[in-house]
Structures are given as C-alpha cells and as structure tokens.
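Step one of this worksheet: look at the structure below.
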Protein chains: 2
Amino acid sequence: MTGQRVVLEVLGGARSFPPPIWMMRQAGRYLPEYRQTREKAGGFLDLCYTPDLAVEVTLQPIRRFGFDASILFSDILVVPHALGRDLAFEEGRGPVMTPIRTDEIAKLDPSRAGEFLEPVIETVRRLRGELPDETTLLGFCGAPWTVATYMIAGHGTPDQAPARLFLYREPERMKALLELLADVSADYLVRQIEAGADAVQIFDSWSGVLDEASFVKCCVRPVARMVERIRKLHPHTPIIGFPKGAGSLYAGYREATGVTALGLDWSVPLSQAQGLQAGGAVQGNLDPLRLVAGGSALDEGVNDILVRLGDGPLIFNLGHGIAPDTPVEHVERMVEIVRAGGLRS
Amino acid sequence: MTGQRVVLEVLGGARSFPPPIWMMRQAGRYLPEYRQTREKAGGFLDLCYTPDLAVEVTLQPIRRFGFDASILFSDILVVPHALGRDLAFEEGRGPVMTPIRTDEIAKLDPSRAGEFLEPVIETVRRLRGELPDETTLLGFCGAPWTVATYMIAGHGTPDQAPARLFLYREPERMKALLELLADVSADYLVRQIEAGADAVQIFDSWSGVLDEASFVKCCVRPVARMVERIRKLHPHTPIIGFPKGAGSLYAGYREATGVTALGLDWSVPLSQAQGLQAGGAVQGNLDPLRLVAGGSALDEGVNDILVRLGDGPLIFNLGHGIAPDTPVEHVERMVEIVRAGGLRS
C-alpha cells in the first residue's frame, strides 16, 4: 500500500516525473470552503483543537486538487501553548503570546504537553482513515528556534531582534529553551507518526536571520537533537527539514541535522537546488506570489522548476505558504502544468 | 595622498591588517551628538538637504572613533524624491511615500533630479575638504530594486510583496522603472565622485526577497547597468555592491555586475565569505545585534571575522546599519578589538 504513496517514494530518493505536488498551507483562506468552515468554528485555535473541523479543512484541498500529500491542519505554536504559555490569534495581527521572561524558562513544565495535544493526535488518527491510500499524510511542527522567536517576542517581528538579543545576552538560557522545545517537539512528532503520519516536516521559518555561529547553535543542533530522538523510535520515517531563508547554509544542513529531505524557500537558486538534490530529495520552491499573479510569471516559474529539478528526486511545492489572496484558478493552472510535466511547447 | 587611504588600498585588492573599519549608518541615533544636531534640524530630510548639518553629522563618528571611512549622510530615497515623488519620514514608522501607480512610471521626469540633489553634492564637496587626508570618503545610493520597492509599496514591508507582484504582473513597466532609476542613480554617483567621493556603495537592502530569475532581472542587471555607466566616466573609482540577503546569489554577483567589492550581510557564513574574498575585497559582516548585546557575543563575533577573513582584503564593518539603541561603549570595544587585530589570548 505504502508503495503507492509517491511522495514517500521520492522522500526515499526515487525520481518520479511528473513530480508529486502539494502546497504549504494548502488548507487555508484562499479556499471558499475553508473560509466557510472557519466561520462556523469561531477562532483559529478552535479549528486546530477540534478534530472534526481540523479533519474537514485538511481534506478540503485533497478533494479539490487531488494533491499527493496531505498535511495536518494545525499551527506551530500549539507546542508552547501545550507548555502553558498563553496564545491567541488576533484578526490581521497573527499570533500573540505573553513574551517569556528569561527566568521563566527553567519553570516550563512539559509534563502535560502530551495530554494537551491529544486532539491534534486524534486528528492525525482520523485523517489516516479518511485519506485515499495513495495520499501521503504529513505531520509537522515548528523548529525550536522559530517557536522560541515567538515565545520571546510575543508576536511576529521582521528580523527576530528580540530572540537574537536574548541569544546573545543569555546563551545558556537560550540553549535550555531550545533543548526543551526540541525534546517536546520530537515527542509530539513521534506521537503523530504513531497515529498515522507517513512523514513529518520541521518548519524553521526564521532560520534566515542568524549569523553562521548562531545558526549552528539555534537551528542545526536543536533539529539534529530532534531527528536523533525521533529516529531512535522510528528510524525509517522520512523527516523534511525546512530552514527557510538559510541561503548558503542550506549546504550541509541535511548532513548536519540528519533530515531526509530539504524544503527550499523561493530564494534558493535552482542551480544551488540541483546541488542539494544530489544528497537526496528536495521540495519546493515556487515564489507564492507567482501563484498570486498568474499569467506568464506563474507558467515560467513552474516550468523552470520542472526543467531544472525534474531529473532528480523532487516534490513540487511553493517556497512558502500559499497567500490568502491567491485565486483558486491559479492553483488549478499550476497543478495542470505540473501534472503535464511542464509547459507544452 | 590617496596612497594613505587604507580603505581604498583594500578596495584595490590589497590586504591590510588590522583591517580598516567603518560602520554602516555610523552617523546615527546611537550618538548623543547626532541626536542633538537632529533636534536642532527639525526633520530628518532637513538634515539630508542642509549641507552644514549633513557635514556635521557625517564628521561626528570620525571625530569620535577615527573610522577609516566616512560615508556621506543622506538617504536612499532622495533619488525618487528628486524624481518628483513625495517623501516624508514619520517618527517610528520610517519613510512614507505615495505609492506609484503603474501608469505613472512613463511620466517620471529625471530632468530636474540633478538640480534637486545639488545640496547633497555640496555636502560631499565640503566633506572632502574637512576630512583627514587618510579618511576615505564614500558616496552612496540605493540600488534600483530597493528604491523601487519603497516607491511601489509607499513604505517598508517585511517581504516587499507589492513590488514582487508588480514585477510579476507588469514586467515591462518594472523594467522601465529599474532602468530609469539605474541611470539617474548612476549619474548621481558620478556627481558624488566628481565632488570628491573616493569610492561609492550601492545599497540593495531588499535583494533577499527575490527568486533567482527575478534577482537577475531586478538586482543584477540594473546594478550592472549602473556600473557600466559610472565606469565610462570614472573607470578607476571603486564601487561596493551590497546585495543584502542575497544568500547563495552572492556567488557570481561581483562578476555579473562588475562591482569592485562586496558588502556582506551578517547571514553570510564566513566560509562563503572566504570564497568571495578570492575574487576581491569584502566588507562586513558583524550582526549589529552583537554590538547591541556586547560581552562575549560581541568579542567572539568580532574576533571570528578577524580570524577567518583577516588573511585577505577585508574592510571591517557591520552586516547592516548600527541599531539606534547600541551603547557607545560597545562601539569603542569593537574598535579596540579590531585595531588590536583580535582578542589577546
């Protein structure tokens, strides 16, 4: 059965052309059916913690586009939420938390995180029952650094200055926070795998704001720690690492962390991506704004990726989550080109 | 005389150790004397357009720290201002302009830009007279893409989505805008050189948000066009390119644009920087937040750069402008370590 899941085959290093396709944030506001469910649900977090609703929105893009992978609908900040930090999603502002004080880090209590996150695990369990056999089910979580940036700043910032200053001023406490997050997040992914996730993705959305020495400390080591902890129990489950914005530091990231595959943001040049593909599967990396714009910007962007990366193990995806104002017809057009293996000349 | 200007020697490819040092935005709010002059001046733009005041703040960091280079005090947005676009600096919000409509691009009139920018040129002229002989005087402007992102969005944005969408939807009009900005900006730098600037820097602060194909169109080609236009008149004046956030695309940028030296942001790994140094001088790249934090984060950051890049042509600098809340004593400490050639062991 698993042999039919083409995303899994590609994660294992096989080439499959036309490549399998899914989109980050594919269950999202660009879909009218998502907006409808969201309205019924109340808040965004209700959607995350109510298995009926989370299953429904996770399945919506699969029904509509037949994507090859389905990613659990949830949010990276459920992990600090499970550690007892407050969390709210404010319309138009994104997530808001009370910034953690440095002296609160030692008091974070992971003992009830598992119970707290049980509704998410239940969602994974039900999804595996509902998805077509050939659809790969992906679990996910945020990487420790990215989760820490929100815990420290209390909200999104353009350059994560609060977390960088915290790192520079209190390196030992930052290390403790990252290690705690790594362990809790790894255990969370293990439970997702045991509930039916075929593979997992670790989102390090803010790894691009660090210098090399800090990247090693904050991004590489914590993710390596997670991979090691997961592999002890599930040595064969593929793990996709997505160090968004890592630039030149993408080179060596797979080897240093042990992740199976690399998610590439849209700023990764396709020539560099070809080099990275020599080490295993890559996933990406269309600029989501090409999908918003449509027309030749979309056609050329999709085709370039197929031409330049189609000879190796490739999972077609965006270089970041789909934008809420993306026209559904542009997604249809993208899927059409990818399924055709490129533009017809 | 020029032979004493060590920054110029390094830009020419020579190694000088301990390396020369200056800081991006070194005339800035972290200095009490700057804040004092700024208060007298009224608005930020008054400072830019009043040679007496602009000369004064440009000289302040030279007097205090004896930096090896002095950079003209001005702003990258004086160029669209000179093209007739409105511009204001709002406290705490940064620059604000009326977003340009696509149909206004063809109507931009460069004929009065030269006259409009005369006060800036006068500032350069006076500076060369006032600076110590051994201090290299740097002129600068924004790169066409970065200037265009502000003209299109009307303000700073985290990912320049408005300009990227503009590019994808109206590629011909974007090309026209970038070419116009390239020509006006090149002429502006030529006048700075003729007024006494020893070298010039082109700031492309937002080159990191583009995919490879767009980077070539928006960052590489317009800067190459500028370099060609400047070199026709001043073939020997060094030009520093600073494609902030370009990541892997730093490789090849010097060759493709023709710039003499590369300004490196703090996310450039020192191993990559060493490779780039093989092609000529590099400048950078301390994380400005290490300078805010001080302590071992500062000491180690400075020392790493000296150890890893000190064997080649290096101009020590930050990887971005100095932050307003940087303690002056931390700048003193940084200068002390650099002048000593590293930490004493």
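Residue names in the structure tokens use chain letters A, B, ... in the order shown, residue numbers from 1 in each chain, and ligand numbers from 1 in the order shown.
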Give me, as JSON lines, the closest atom pair and its distance (Å, one decimal) for every residue of chain A within a cut-off of 7 Å of chain B, counting only C-alpha atoms, rows sorted by chain and rising number.
```
{"residue": "A:Pro158", "atom": "CA", "partner": "B:Pro158", "partner_atom": "CA", "distance": 5.8}
{"residue": "A:Leu165", "atom": "CA", "partner": "B:Leu289", "partner_atom": "CA", "distance": 6.3}
{"residue": "A:Tyr168", "atom": "CA", "partner": "B:Ala297", "partner_atom": "CA", "distance": 5.4}
{"residue": "A:Arg169", "atom": "CA", "partner": "B:Ala293", "partner_atom": "CA", "distance": 6.0}
{"residue": "A:Gly208", "atom": "CA", "partner": "B:Ser267", "partner_atom": "CA", "distance": 7.0}
{"residue": "A:Val209", "atom": "CA", "partner": "B:Ser267", "partner_atom": "CA", "distance": 6.6}
{"residue": "A:Leu210", "atom": "CA", "partner": "B:Ser267", "partner_atom": "CA", "distance": 5.7}
{"residue": "A:Asp211", "atom": "CA", "partner": "B:Ser267", "partner_atom": "CA", "distance": 4.4}
{"residue": "A:Glu212", "atom": "CA", "partner": "B:Pro269", "partner_atom": "CA", "distance": 5.0}
{"residue": "A:Gly247", "atom": "CA", "partner": "B:Gly247", "partner_atom": "CA", "distance": 4.3}
{"residue": "A:Ser248", "atom": "CA", "partner": "B:Ser248", "partner_atom": "CA", "distance": 4.8}
{"residue": "A:Trp266", "atom": "CA", "partner": "B:Asp211", "partner_atom": "CA", "distance": 5.3}
{"residue": "A:Ser267", "atom": "CA", "partner": "B:Asp211", "partner_atom": "CA", "distance": 4.4}
{"residue": "A:Val268", "atom": "CA", "partner": "B:Asp211", "partner_atom": "CA", "distance": 6.8}
{"residue": "A:Pro269", "atom": "CA", "partner": "B:Glu212", "partner_atom": "CA", "distance": 5.0}
{"residue": "A:Asp287", "atom": "CA", "partner": "B:Asp211", "partner_atom": "CA", "distance": 6.8}
{"residue": "A:Leu289", "atom": "CA", "partner": "B:Leu165", "partner_atom": "CA", "distance": 6.3}
{"residue": "A:Arg290", "atom": "CA", "partner": "B:Tyr168", "partner_atom": "CA", "distance": 6.6}
{"residue": "A:Ala293", "atom": "CA", "partner": "B:Arg169", "partner_atom": "CA", "distance": 6.0}
{"residue": "A:Ala297", "atom": "CA", "partner": "B:Tyr168", "partner_atom": "CA", "distance": 5.3}
```
Just to be explicit: take each residue in the selection above, keep N, CA and C atoms, and write the result as a PDB file, in the first residue's frame.
```pdb
ATOM      1  N   PRO A 158       9.930  41.438  12.071  1.00  0.00           N
ATOM      2  CA  PRO A 158      10.557  41.244  10.754  1.00  0.00           C
ATOM      3  C   PRO A 158      11.929  40.589  10.819  1.00  0.00           C
ATOM      4  N   LEU A 165      18.762  38.997  20.429  1.00  0.00           N
ATOM      5  CA  LEU A 165      19.368  39.645  21.602  1.00  0.00           C
ATOM      6  C   LEU A 165      19.365  38.714  22.806  1.00  0.00           C
ATOM      7  N   TYR A 168      22.192  36.384  22.456  1.00  0.00           N
ATOM      8  CA  TYR A 168      23.493  36.987  22.708  1.00  0.00           C
ATOM      9  C   TYR A 168      23.699  37.307  24.189  1.00  0.00           C
ATOM     10  N   ARG A 169      22.607  37.653  24.855  1.00  0.00           N
ATOM     11  CA  ARG A 169      22.734  38.057  26.256  1.00  0.00           C
ATOM     12  C   ARG A 169      22.643  36.900  27.227  1.00  0.00           C
ATOM     13  N   GLY A 208      16.687  32.302   8.688  1.00  0.00           N
ATOM     14  CA  GLY A 208      17.465  33.214   7.842  1.00  0.00           C
ATOM     15  C   GLY A 208      17.979  34.460   8.527  1.00  0.00           C
ATOM     16  N   VAL A 209      17.630  34.686   9.773  1.00  0.00           N
ATOM     17  CA  VAL A 209      18.032  35.947  10.438  1.00  0.00           C
ATOM     18  C   VAL A 209      19.302  35.797  11.276  1.00  0.00           C
ATOM     19  N   LEU A 210      19.916  34.623  11.230  1.00  0.00           N
ATOM     20  CA  LEU A 210      21.046  34.341  12.125  1.00  0.00           C
ATOM     21  C   LEU A 210      22.379  34.354  11.392  1.00  0.00           C
ATOM     22  N   ASP A 211      23.423  34.726  12.107  1.00  0.00           N
ATOM     23  CA  ASP A 211      24.749  34.552  11.522  1.00  0.00           C
ATOM     24  C   ASP A 211      25.159  33.079  11.668  1.00  0.00           C
ATOM     25  N   GLU A 212      26.278  32.727  11.042  1.00  0.00           N
ATOM     26  CA  GLU A 212      26.631  31.311  10.929  1.00  0.00           C
ATOM     27  C   GLU A 212      26.757  30.627  12.298  1.00  0.00           C
ATOM     28  N   GLY A 247      19.776  30.308   3.003  1.00  0.00           N
ATOM     29  CA  GLY A 247      20.746  30.764   1.990  1.00  0.00           C
ATOM     30  C   GLY A 247      21.859  29.755   1.793  1.00  0.00           C
ATOM     31  N   SER A 248      23.099  30.236   1.865  1.00  0.00           N
ATOM     32  CA  SER A 248      24.246  29.354   1.657  1.00  0.00           C
ATOM     33  C   SER A 248      24.293  28.253   2.695  1.00  0.00           C
ATOM     34  N   TRP A 266      11.793  30.087  -1.846  1.00  0.00           N
ATOM     35  CA  TRP A 266      11.889  30.524  -3.244  1.00  0.00           C
ATOM     36  C   TRP A 266      13.164  31.287  -3.559  1.00  0.00           C
ATOM     37  N   SER A 267      13.883  31.734  -2.519  1.00  0.00           N
ATOM     38  CA  SER A 267      15.128  32.456  -2.804  1.00  0.00           C
ATOM     39  C   SER A 267      16.291  31.512  -3.102  1.00  0.00           C
ATOM     40  N   VAL A 268      16.091  30.208  -2.914  1.00  0.00           N
ATOM     41  CA  VAL A 268      17.159  29.256  -3.244  1.00  0.00           C
ATOM     42  C   VAL A 268      17.280  29.163  -4.768  1.00  0.00           C
ATOM     43  N   PRO A 269      18.436  29.518  -5.327  1.00  0.00           N
ATOM     44  CA  PRO A 269      18.601  29.428  -6.781  1.00  0.00           C
ATOM     45  C   PRO A 269      18.487  27.975  -7.244  1.00  0.00           C
ATOM     46  N   ASP A 287       7.902  30.817  -5.868  1.00  0.00           N
ATOM     47  CA  ASP A 287       7.517  32.033  -5.133  1.00  0.00           C
ATOM     48  C   ASP A 287       5.984  32.088  -5.059  1.00  0.00           C
ATOM     49  N   LEU A 289       4.060  34.336  -4.656  1.00  0.00           N
ATOM     50  CA  LEU A 289       3.473  35.491  -5.348  1.00  0.00           C
ATOM     51  C   LEU A 289       3.365  35.266  -6.855  1.00  0.00           C
ATOM     52  N   ARG A 290       4.146  34.332  -7.397  1.00  0.00           N
ATOM     53  CA  ARG A 290       3.914  33.951  -8.799  1.00  0.00           C
ATOM     54  C   ARG A 290       2.535  33.302  -8.922  1.00  0.00           C
ATOM     55  N   ALA A 293       0.000  36.065  -8.832  1.00  0.00           N
ATOM     56  CA  ALA A 293      -0.012  36.878 -10.055  1.00  0.00           C
ATOM     57  C   ALA A 293      -0.591  36.113 -11.244  1.00  0.00           C
ATOM     58  N   ALA A 297       4.198  34.832 -15.362  1.00  0.00           N
ATOM     59  CA  ALA A 297       5.039  34.705 -14.157  1.00  0.00           C
ATOM     60  C   ALA A 297       4.823  33.331 -13.523  1.00  0.00           C
TER      61      ALA A 297
END
```
I'd like the neighbourhood of range 37-45 of chain A as a PyMOL selection string, where a residue qualifies if any of its atoms comes within 8 Å (using only C-alpha atoms), though same-chain residues fewer than 5 positions away should be ignored. chain A and resi 53+57+88-89
Go ahead and write the selection's residues with N, CA and C atoms as a CSV table (one decimal), in the first residue's frame.
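Contents of out24.csv, freshly written:
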```
chain,number,residue,atom,x,y,z
A,53,LEU,N,-13.3,19.4,12.8
A,53,LEU,CA,-13.1,20.6,12.0
A,53,LEU,C,-11.7,20.5,11.3
A,57,VAL,N,-11.0,20.5,7.2
A,57,VAL,CA,-10.2,21.5,6.4
A,57,VAL,C,-8.9,20.9,5.9
A,88,ALA,N,-3.1,33.6,21.5
A,88,ALA,CA,-4.3,34.0,20.9
A,88,ALA,C,-4.0,34.4,19.4
A,89,PHE,N,-5.0,34.2,18.6
A,89,PHE,CA,-4.8,34.7,17.2
A,89,PHE,C,-5.7,35.9,17.0
```
Residues near Gly241 in chain B, anyone? I mean within 7 Å using only C-alpha atoms, not counting same-chain ones fewer than 5 positions away, as a PDB file with N, CA and C atoms, in the first residue's frame.
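Final output, saved to part.pdb:
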```pdb
ATOM      1  N   GLN B 201      29.129  53.245  -2.672  1.00  0.00           N
ATOM      2  CA  GLN B 201      28.468  51.986  -2.322  1.00  0.00           C
ATOM      3  C   GLN B 201      27.023  52.027  -2.806  1.00  0.00           C
ATOM      4  N   ILE B 202      26.588  50.893  -3.374  1.00  0.00           N
ATOM      5  CA  ILE B 202      25.207  50.757  -3.867  1.00  0.00           C
ATOM      6  C   ILE B 202      24.474  49.799  -2.929  1.00  0.00           C
ATOM      7  N   PHE B 203      23.484  50.311  -2.215  1.00  0.00           N
ATOM      8  CA  PHE B 203      22.766  49.532  -1.199  1.00  0.00           C
ATOM      9  C   PHE B 203      21.550  48.843  -1.816  1.00  0.00           C
ATOM     10  N   VAL B 259      30.867  45.136  -9.906  1.00  0.00           N
ATOM     11  CA  VAL B 259      31.284  45.908  -8.727  1.00  0.00           C
ATOM     12  C   VAL B 259      32.675  45.456  -8.274  1.00  0.00           C
ATOM     13  N   ALA B 261      33.885  45.513  -4.994  1.00  0.00           N
ATOM     14  CA  ALA B 261      33.914  44.847  -3.692  1.00  0.00           C
ATOM     15  C   ALA B 261      32.499  44.475  -3.278  1.00  0.00           C
ATOM     16  N   LEU B 262      32.414  43.533  -2.340  1.00  0.00           N
ATOM     17  CA  LEU B 262      31.113  43.044  -1.877  1.00  0.00           C
ATOM     18  C   LEU B 262      30.894  43.407  -0.415  1.00  0.00           C
ATOM     19  N   GLY B 263      29.778  44.071  -0.142  1.00  0.00           N
ATOM     20  CA  GLY B 263      29.337  44.237   1.237  1.00  0.00           C
ATOM     21  C   GLY B 263      28.556  42.996   1.630  1.00  0.00           C
TER      22      GLY B 263
END
```
Which residues are close to range 20-32 of chain A, i.e. within 7 Å by only C-alpha atoms, leaving aside same-chain residues fewer than 4 positions away? Reply as an MDAnalysis selection string. chainID A and resid 6:7 36 57:58 60:61 67:69 73 315:318 320:322 324:328
Store the residues picked out above, limited to C-alpha atoms, as a short mmCIF file (atom, residue, chain, number, x, y, z; two decimals), in the first residue's frame.
```
data_model
loop_
_atom_site.label_atom_id
_atom_site.label_comp_id
_atom_site.auth_asym_id
_atom_site.auth_seq_id
_atom_site.Cartn_x
_atom_site.Cartn_y
_atom_site.Cartn_z
CA VAL A 6 4.65 8.61 -4.43
CA VAL A 7 5.69 11.37 -2.02
CA GLN A 36 -16.92 28.66 5.44
CA VAL A 57 -10.21 21.50 6.45
CA THR A 58 -7.25 19.17 6.00
CA GLN A 60 -10.64 20.09 1.52
CA PRO A 61 -7.62 20.72 -0.74
CA PHE A 67 -2.69 16.67 -4.03
CA ASP A 68 -0.22 13.85 -3.40
CA ALA A 69 0.33 14.82 0.21
CA PHE A 73 -4.06 21.26 9.83
CA ILE A 315 8.38 17.16 -4.57
CA PHE A 316 6.79 20.17 -6.21
CA ASN A 317 5.68 22.79 -3.71
CA LEU A 318 5.70 26.51 -3.06
CA HIS A 320 6.45 29.28 1.48
CA GLY A 321 2.76 29.01 2.42
CA ILE A 322 0.12 29.93 -0.14
CA PRO A 324 -4.73 34.07 1.25
CA ASP A 325 -5.49 36.21 -1.81
CA THR A 326 -4.40 33.53 -4.31
CA PRO A 327 -7.07 32.86 -6.98
CA VAL A 328 -8.16 29.21 -6.97
#
```
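Between CA of Val184 in chain B and CA of Thr260 in chain B the separation is 20.4 Å.
Shell of Leu314 in chain B at 8 Å, with only C-alpha atoms counted and residues fewer than 2 places along the chain excluded, is B:Val10, B:Arg15, B:Ser16, B:Pro19, B:Pro20, B:Gln277, B:Ala281, B:Val282, B:Gln283, B:Gly284, B:Leu309, B:Gly310, B:Gly312, B:Phe316.
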Please list as a ChimeraX atom specification every residue within 6 Å of Ala113 in chain B, counting only C-alpha atoms and excluding residues in the same chain fewer than 3 positions away. /B:82-83,110,116
With only C-alpha atoms as the counted atoms, please give the residues lying no more than 8 Å from Asp183 in chain B, apart from itself and same-chain residues fewer than 2 positions off, as number ranges by chain. B: 179-181, 185-187, 225-226, 229
Keeping N, CA and C atoms, export the residues of the selection given above as a short mmCIF file (atom, residue, chain, number, x, y, z; two decimals), in the first residue's frame.
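And here is the file that came out, selection24.cif:
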```
data_model
loop_
_atom_site.label_atom_id
_atom_site.label_comp_id
_atom_site.auth_asym_id
_atom_site.auth_seq_id
_atom_site.Cartn_x
_atom_site.Cartn_y
_atom_site.Cartn_z
N GLU B 179 15.34 50.68 -15.03
CA GLU B 179 16.34 51.29 -15.92
C GLU B 179 16.43 52.80 -15.70
N LEU B 180 15.27 53.42 -15.51
CA LEU B 180 15.28 54.85 -15.21
C LEU B 180 16.04 55.12 -13.90
N LEU B 181 15.72 54.33 -12.87
CA LEU B 181 16.38 54.52 -11.59
C LEU B 181 17.88 54.25 -11.71
N SER B 185 20.45 57.15 -10.84
CA SER B 185 21.31 56.85 -9.70
C SER B 185 22.78 56.84 -10.10
N ALA B 186 23.07 56.31 -11.27
CA ALA B 186 24.46 56.30 -11.74
C ALA B 186 24.96 57.73 -11.93
N ASP B 187 24.12 58.57 -12.52
CA ASP B 187 24.53 59.97 -12.72
C ASP B 187 24.75 60.67 -11.38
N ARG B 225 24.09 47.82 -15.10
CA ARG B 225 23.86 49.00 -15.94
C ARG B 225 24.46 50.25 -15.28
N MET B 226 24.29 50.36 -13.98
CA MET B 226 24.86 51.50 -13.25
C MET B 226 26.38 51.48 -13.31
N ARG B 229 27.73 52.54 -16.63
CA ARG B 229 27.55 53.99 -16.85
C ARG B 229 28.56 54.81 -16.04
#
```
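CA of Ser111 in chain A sits 20.9 Å away from CA of Cys48 in chain A.
In this structure, CA of Asn303 in chain B sits 18.9 Å away from CA of Phe65 in chain B.
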Going by DSSP on the backbone, which bits of range 123-267 of chain B are strand (DSSP E)? Write them as a ChimeraX atom specification, please. /B:136-142,199-204,239-243,261-263
Please, could you write that set of residues out with N, CA and C atoms as an mmCIF file, in the first residue's frame?
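Output file selection30.cif is given in full below:
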```
data_model
loop_
_atom_site.group_PDB
_atom_site.id
_atom_site.type_symbol
_atom_site.label_atom_id
_atom_site.label_comp_id
_atom_site.auth_asym_id
_atom_site.auth_seq_id
_atom_site.Cartn_x
_atom_site.Cartn_y
_atom_site.Cartn_z
ATOM 1 N N THR B 136 38.928 57.751 3.887
ATOM 2 C CA THR B 136 38.276 57.540 2.595
ATOM 3 C C THR B 136 36.854 58.092 2.663
ATOM 4 N N LEU B 137 36.468 58.857 1.661
ATOM 5 C CA LEU B 137 35.106 59.396 1.621
ATOM 6 C C LEU B 137 34.253 58.549 0.674
ATOM 7 N N LEU B 138 33.181 57.995 1.230
ATOM 8 C CA LEU B 138 32.294 57.143 0.439
ATOM 9 C C LEU B 138 31.006 57.877 0.087
ATOM 10 N N GLY B 139 30.665 57.847 -1.177
ATOM 11 C CA GLY B 139 29.335 58.259 -1.600
ATOM 12 C C GLY B 139 28.435 57.031 -1.643
ATOM 13 N N PHE B 140 27.163 57.216 -1.820
ATOM 14 C CA PHE B 140 26.280 56.044 -1.908
ATOM 15 C C PHE B 140 24.937 56.413 -2.525
ATOM 16 N N CYS B 141 24.222 55.351 -2.895
ATOM 17 C CA CYS B 141 22.815 55.489 -3.265
ATOM 18 C C CYS B 141 22.166 54.116 -3.074
ATOM 19 N N GLY B 142 20.845 54.077 -3.174
ATOM 20 C CA GLY B 142 20.134 52.809 -3.146
ATOM 21 C C GLY B 142 20.190 52.158 -4.513
ATOM 22 N N ALA B 199 35.124 56.578 -3.349
ATOM 23 C CA ALA B 199 34.511 55.310 -3.746
ATOM 24 C C ALA B 199 33.024 55.454 -3.465
ATOM 25 N N VAL B 200 32.222 54.536 -3.995
ATOM 26 C CA VAL B 200 30.770 54.622 -3.767
ATOM 27 C C VAL B 200 30.221 53.243 -3.416
ATOM 28 N N GLN B 201 29.129 53.245 -2.672
ATOM 29 C CA GLN B 201 28.468 51.986 -2.322
ATOM 30 C C GLN B 201 27.023 52.027 -2.806
ATOM 31 N N ILE B 202 26.588 50.893 -3.374
ATOM 32 C CA ILE B 202 25.207 50.757 -3.867
ATOM 33 C C ILE B 202 24.474 49.799 -2.929
ATOM 34 N N PHE B 203 23.484 50.311 -2.215
ATOM 35 C CA PHE B 203 22.766 49.532 -1.199
ATOM 36 C C PHE B 203 21.550 48.843 -1.816
ATOM 37 N N ASP B 204 21.587 47.514 -1.921
ATOM 38 C CA ASP B 204 20.391 46.789 -2.368
ATOM 39 C C ASP B 204 19.837 46.010 -1.171
ATOM 40 N N ILE B 239 33.668 50.580 -6.600
ATOM 41 C CA ILE B 239 32.228 50.516 -6.349
ATOM 42 C C ILE B 239 31.962 49.298 -5.458
ATOM 43 N N ILE B 240 31.339 49.546 -4.306
ATOM 44 C CA ILE B 240 30.990 48.455 -3.395
ATOM 45 C C ILE B 240 29.529 48.091 -3.632
ATOM 46 N N GLY B 241 29.261 46.825 -3.932
ATOM 47 C CA GLY B 241 27.881 46.359 -4.076
ATOM 48 C C GLY B 241 27.450 45.696 -2.776
ATOM 49 N N PHE B 242 26.227 45.966 -2.346
ATOM 50 C CA PHE B 242 25.738 45.373 -1.096
ATOM 51 C C PHE B 242 24.345 44.764 -1.325
ATOM 52 N N PRO B 243 24.320 43.544 -1.886
ATOM 53 C CA PRO B 243 23.034 42.889 -2.134
ATOM 54 C C PRO B 243 22.585 42.138 -0.884
ATOM 55 N N ALA B 261 33.885 45.513 -4.994
ATOM 56 C CA ALA B 261 33.914 44.847 -3.692
ATOM 57 C C ALA B 261 32.499 44.475 -3.278
ATOM 58 N N LEU B 262 32.414 43.533 -2.340
ATOM 59 C CA LEU B 262 31.113 43.044 -1.877
ATOM 60 C C LEU B 262 30.894 43.407 -0.415
ATOM 61 N N GLY B 263 29.778 44.071 -0.142
ATOM 62 C CA GLY B 263 29.337 44.237 1.237
ATOM 63 C C GLY B 263 28.556 42.996 1.630
#
```
If DSSP is run on the backbone, what residues of range 236-335 of chain B are alpha helix (DSSP H)? A reply as a VMD selection string would be ideal. chain B and resid 253 to 257 270 to 277 288 to 293 295 to 309 328 to 335
Which residue of B:Val302, B:Gly94, B:Gln192, B:Ala273 approaches Val335 in chain B most closely, using only C-alpha atoms: B:Val302
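Closest approach to Arg173 in chain B among B:Arg101, B:His81, B:Arg112, B:Arg35 is made by B:Arg101 (distances from only C-alpha atoms).
You can rank A:Ile62, A:Ala163, A:Met334, A:Leu306 by their closest distance to Glu130 in chain A using only C-alpha atoms, and at the top of that list sits A:Ile62.
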